[in-house]
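Written out below as structure tokens is the structure these notes cover.
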Amino acid sequence: MSGTPPAGRPPVAQKIPRTDVVHGDVRQDDYHWMREKDNPDVIAYLTAENAYTDAMMKPTVPFQESLYAEMLARIKEDDQSVPYRLRGYHYYSRTEKGKQYPIYCRKTDRLDAPEQVMLDLNQLAEGHPFLALGAASVSDDGRLLAYTTDLTGFRDHTLHVKDLDTGALLPDRVEKVSAVAWAADNQTLFYVTEDEAKRPYRLHRHRLGVAVADLLLEEPDALFRFHVGRSRSLA
């Protein structure tokens, strides 16, 4: 592959490379400066690269659209997962034709009971270029849903708590949460938060409505990670 970029491609800005030495191995990263997402030079370079890509790929646009239509025709857009029963409810997710994200639902007691939509990710995604659901857990009494969402694409999940009876969000909100589990009292959440390297390393106990959570455990060793969940005997 030639080292000369195609005509019209934006040149890479000349930045001082970063050099790290790990176990005696010298590693040089010429593109470390691109980690600065708010740097005007980074934004300008990425904008120019995107414009170049659009220009080079323009002749293939009809083929891209045809290929996408063919793949979409082979996908069942209006589908539903197999329901599972938990504490008096049947839980499942479904998709609707033309919508990008799944809808999470449940029914009380019987499968022919009226449907309750717990989370419609299509509605949550409105106004955002990206959305991903992380953890999701319903309290033992079936009233509260704790869930995490990422709106960036960088796996930065934010914890929310929704009242399934009213549809309202509680004021409780926590950033950088990787896992969550309810205590049996329906008022206490255990959750794990991540460090700057996205390593789950802190376990917290949070009582709804209380501003400050209790830090229960912290793992300082970068080789280990935390997770939290209910045991089968307590599920």
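Following the order of the structure tokens, chains are lettered A, B, ..., residues in each are numbered from 1, and ligands are numbered from 1.
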Show me a table, sorted first by chain and then by increasing residue number, of the residues of range 78-188 of chain A having an atom at most 12 Å from range 54-73 of chain A, each with its shortest atom pair and the distance in Å to one decimal, counting only C-alpha atoms and written as CSV.
residue,atom,partner,partner_atom,distance
A:Asp78,CA,A:Leu72,CA,11.8
A:Lys97,CA,A:Leu72,CA,10.3
A:Gly98,CA,A:Leu72,CA,10.0
A:Lys99,CA,A:Leu72,CA,12.0
A:Gln100,CA,A:Leu72,CA,11.6
Any chance you could export the current selection's all heavy atoms as a tab-separated table (two decimals), in the first residue's frame?
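Output contents, as saved in selection26.tsv:
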chain	number	residue	atom	x	y	z
A	78	ASP	N	-40.83	-6.87	12.28
A	78	ASP	CA	-41.82	-6.94	13.36
A	78	ASP	C	-41.72	-8.31	14.03
A	78	ASP	O	-42.40	-9.25	13.66
A	78	ASP	CB	-43.23	-6.68	12.83
A	78	ASP	CG	-43.56	-7.56	11.62
A	78	ASP	OD1	-42.63	-8.12	11.01
A	78	ASP	OD2	-44.75	-7.70	11.31
A	97	LYS	N	-41.84	-2.66	12.49
A	97	LYS	CA	-41.31	-2.36	11.17
A	97	LYS	C	-41.02	-0.87	11.03
A	97	LYS	O	-41.84	-0.02	11.38
A	97	LYS	CB	-42.31	-2.79	10.09
A	97	LYS	CG	-41.77	-2.69	8.68
A	97	LYS	CD	-42.72	-3.29	7.66
A	97	LYS	CE	-42.13	-3.24	6.26
A	97	LYS	NZ	-43.04	-3.84	5.26
A	98	GLY	N	-39.83	-0.58	10.51
A	98	GLY	CA	-39.43	0.79	10.29
A	98	GLY	C	-38.80	1.47	11.49
A	98	GLY	O	-38.34	2.62	11.37
A	99	LYS	N	-38.77	0.80	12.64
A	99	LYS	CA	-38.17	1.38	13.84
A	99	LYS	C	-36.85	0.68	14.14
A	99	LYS	O	-36.73	-0.53	13.98
A	99	LYS	CB	-39.13	1.26	15.02
A	99	LYS	CG	-40.40	2.09	14.84
A	99	LYS	CD	-41.27	2.06	16.09
A	99	LYS	CE	-42.50	2.93	15.90
A	99	LYS	NZ	-43.37	2.93	17.12
A	100	GLN	N	-35.91	1.45	14.61
A	100	GLN	CA	-34.54	0.95	14.76
A	100	GLN	C	-34.32	0.16	16.05
A	100	GLN	O	-33.50	-0.75	16.09
A	100	GLN	CB	-33.56	2.13	14.72
A	100	GLN	CG	-32.09	1.73	14.75
A	100	GLN	CD	-31.17	2.91	14.55
A	100	GLN	OE1	-31.62	4.03	14.35
A	100	GLN	NE2	-29.87	2.65	14.59
Quiz item: Excluding same-chain residues fewer than 5 positions from Asp221 in chain A, what lies within 12 Å of it counting only C-alpha atoms, as a ChimeraX atom specification?
Solution: /A:195,199-202,226
Residue selection dump (N, CA, C and O atoms) as a PDB file, in the first residue's frame:
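Saved the output as result_8.pdb:
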ATOM      1  N   ASP A 195     -13.933   3.397  36.202  1.00  0.00           N
ATOM      2  CA  ASP A 195     -12.912   4.433  36.261  1.00  0.00           C
ATOM      3  C   ASP A 195     -12.707   5.015  34.867  1.00  0.00           C
ATOM      4  O   ASP A 195     -13.461   4.720  33.939  1.00  0.00           O
ATOM      5  N   ARG A 199     -13.006   0.570  33.511  1.00  0.00           N
ATOM      6  CA  ARG A 199     -12.903  -0.651  34.312  1.00  0.00           C
ATOM      7  C   ARG A 199     -13.878  -0.553  35.487  1.00  0.00           C
ATOM      8  O   ARG A 199     -13.785   0.359  36.298  1.00  0.00           O
ATOM      9  N   PRO A 200     -14.818  -1.486  35.610  1.00  0.00           N
ATOM     10  CA  PRO A 200     -15.723  -1.474  36.763  1.00  0.00           C
ATOM     11  C   PRO A 200     -14.934  -1.752  38.042  1.00  0.00           C
ATOM     12  O   PRO A 200     -14.400  -2.842  38.207  1.00  0.00           O
ATOM     13  N   TYR A 201     -14.893  -0.761  38.939  1.00  0.00           N
ATOM     14  CA  TYR A 201     -13.997  -0.912  40.087  1.00  0.00           C
ATOM     15  C   TYR A 201     -14.593  -0.494  41.426  1.00  0.00           C
ATOM     16  O   TYR A 201     -13.977  -0.708  42.473  1.00  0.00           O
ATOM     17  N   ARG A 202     -15.774   0.090  41.431  1.00  0.00           N
ATOM     18  CA  ARG A 202     -16.370   0.514  42.704  1.00  0.00           C
ATOM     19  C   ARG A 202     -17.799  -0.013  42.837  1.00  0.00           C
ATOM     20  O   ARG A 202     -18.599   0.118  41.909  1.00  0.00           O
ATOM     21  N   PHE A 226     -15.191  -5.409  38.813  1.00  0.00           N
ATOM     22  CA  PHE A 226     -16.349  -5.708  39.654  1.00  0.00           C
ATOM     23  C   PHE A 226     -17.586  -5.971  38.798  1.00  0.00           C
ATOM     24  O   PHE A 226     -17.732  -5.432  37.690  1.00  0.00           O
TER      25      PHE A 226
END
Q) Which of range 5-181 of chain A counts as alpha helix (DSSP H) under DSSP, as a ChimeraX atom specification please? A) /A:40-57,61-73,121-124
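Take the candidates A:Asp172, A:Asp156, A:Asp25, A:Asp163 and check each one against Leu189 in chain A using only C-alpha atoms; the shortest distance goes to A:Asp172.
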Near Gln187 in chain A, within 9 Å and counting only C-alpha atoms, which residues show up once chain neighbours fewer than 6 positions away are dropped, as a PDB file with N, CA and C atoms, in the first residue's frame?
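Listing of result_6.pdb after writing:
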ATOM      1  N   SER A 139     -37.559  -4.047  40.210  1.00  0.00           N
ATOM      2  CA  SER A 139     -37.608  -4.299  41.644  1.00  0.00           C
ATOM      3  C   SER A 139     -38.530  -5.478  41.948  1.00  0.00           C
ATOM      4  N   HIS A 206     -27.096   2.353  47.145  1.00  0.00           N
ATOM      5  CA  HIS A 206     -27.839   3.611  47.031  1.00  0.00           C
ATOM      6  C   HIS A 206     -29.287   3.415  47.447  1.00  0.00           C
ATOM      7  N   ARG A 207     -29.752   4.227  48.379  1.00  0.00           N
ATOM      8  CA  ARG A 207     -31.157   4.210  48.767  1.00  0.00           C
ATOM      9  C   ARG A 207     -31.877   5.308  47.992  1.00  0.00           C
ATOM     10  N   LEU A 208     -32.981   4.975  47.371  1.00  0.00           N
ATOM     11  CA  LEU A 208     -33.699   5.927  46.539  1.00  0.00           C
ATOM     12  C   LEU A 208     -34.028   7.199  47.319  1.00  0.00           C
ATOM     13  N   GLY A 209     -33.786   8.325  46.662  1.00  0.00           N
ATOM     14  CA  GLY A 209     -34.076   9.608  47.289  1.00  0.00           C
ATOM     15  C   GLY A 209     -32.949  10.175  48.116  1.00  0.00           C
TER      16      GLY A 209
END
Practice problem: Select from range 81-152 of chain A everything DSSP, run on the backbone, classes as strand (DSSP E or B), then give the selection as number ranges by chain. | Solution: A: 84-86, 89-94, 103-108, 116-120, 132-138, 144-150
Students should find that CA of Phe130 in chain A and CA of Ile103 in chain A are spaced 15.8 Å
Between A:Asp29, A:Glu77, A:Glu196, A:Glu219, smallest distance to Arg155 in chain A by only C-alpha atoms belongs to A:Glu196
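If you measure from each of A:Asp214, A:Asp140, A:Glu175, A:Asp20 to Lys198 in chain A using only C-alpha atoms, the closest one turns out to be A:Glu175.
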- Query: Quick one: residues within 7 Å of Val177 in chain A, only C-alpha atoms counted, chain neighbours fewer than 5 positions away excluded, as a PyMOL selection string?
  - Reply: chain A and resi 157-159+191-194
Can you write just those residues out, all heavy atoms, as a short mmCIF file (atom, residue, chain, number, x, y, z; two decimals), in the first residue's frame?
data_model
loop_
_atom_site.label_atom_id
_atom_site.label_comp_id
_atom_site.auth_asym_id
_atom_site.auth_seq_id
_atom_site.Cartn_x
_atom_site.Cartn_y
_atom_site.Cartn_z
N HIS A 157 -22.51 4.67 30.34
CA HIS A 157 -23.90 4.40 30.70
C HIS A 157 -24.33 5.20 31.92
O HIS A 157 -23.60 5.27 32.92
CB HIS A 157 -24.10 2.91 30.96
CG HIS A 157 -24.02 2.07 29.73
ND1 HIS A 157 -22.83 1.57 29.24
CD2 HIS A 157 -24.98 1.66 28.87
CE1 HIS A 157 -23.07 0.87 28.13
NE2 HIS A 157 -24.35 0.91 27.89
N THR A 158 -25.53 5.76 31.83
CA THR A 158 -26.12 6.53 32.92
C THR A 158 -27.29 5.76 33.51
O THR A 158 -28.14 5.25 32.76
CB THR A 158 -26.60 7.90 32.42
OG1 THR A 158 -25.48 8.62 31.88
CG2 THR A 158 -27.20 8.71 33.57
N LEU A 159 -27.34 5.68 34.83
CA LEU A 159 -28.40 4.93 35.52
C LEU A 159 -29.62 5.82 35.73
O LEU A 159 -29.51 6.97 36.19
CB LEU A 159 -27.88 4.44 36.87
CG LEU A 159 -28.90 3.80 37.82
CD1 LEU A 159 -29.46 2.51 37.22
CD2 LEU A 159 -28.27 3.54 39.18
N TYR A 191 -24.95 -0.83 42.73
CA TYR A 191 -24.46 -0.61 41.37
C TYR A 191 -22.94 -0.46 41.36
O TYR A 191 -22.32 -0.15 42.38
CB TYR A 191 -25.12 0.61 40.73
CG TYR A 191 -24.86 1.94 41.42
CD1 TYR A 191 -23.69 2.67 41.15
CD2 TYR A 191 -25.78 2.47 42.32
CE1 TYR A 191 -23.46 3.88 41.76
CE2 TYR A 191 -25.55 3.68 42.94
CZ TYR A 191 -24.39 4.39 42.66
OH TYR A 191 -24.15 5.58 43.29
N VAL A 192 -22.36 -0.71 40.19
CA VAL A 192 -20.91 -0.64 40.00
C VAL A 192 -20.59 0.49 39.05
O VAL A 192 -21.25 0.65 38.01
CB VAL A 192 -20.37 -1.98 39.44
CG1 VAL A 192 -18.87 -1.87 39.16
CG2 VAL A 192 -20.67 -3.12 40.39
N THR A 193 -19.59 1.30 39.39
CA THR A 193 -19.17 2.39 38.52
C THR A 193 -17.78 2.12 37.95
O THR A 193 -17.02 1.31 38.50
CB THR A 193 -19.14 3.73 39.27
OG1 THR A 193 -18.33 3.61 40.45
CG2 THR A 193 -20.55 4.15 39.67
N GLU A 194 -17.46 2.80 36.86
CA GLU A 194 -16.21 2.59 36.13
C GLU A 194 -15.22 3.72 36.38
O GLU A 194 -15.62 4.86 36.67
CB GLU A 194 -16.49 2.49 34.63
CG GLU A 194 -17.41 1.35 34.25
CD GLU A 194 -17.76 1.37 32.76
OE1 GLU A 194 -17.84 2.47 32.19
OE2 GLU A 194 -17.95 0.28 32.20
#
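Of the listed residues A:Leu86, A:Val138, A:Val21, A:Ile16, the one whose atoms come nearest to Lys107 in chain A is A:Leu86, with distances taken using only C-alpha atoms.
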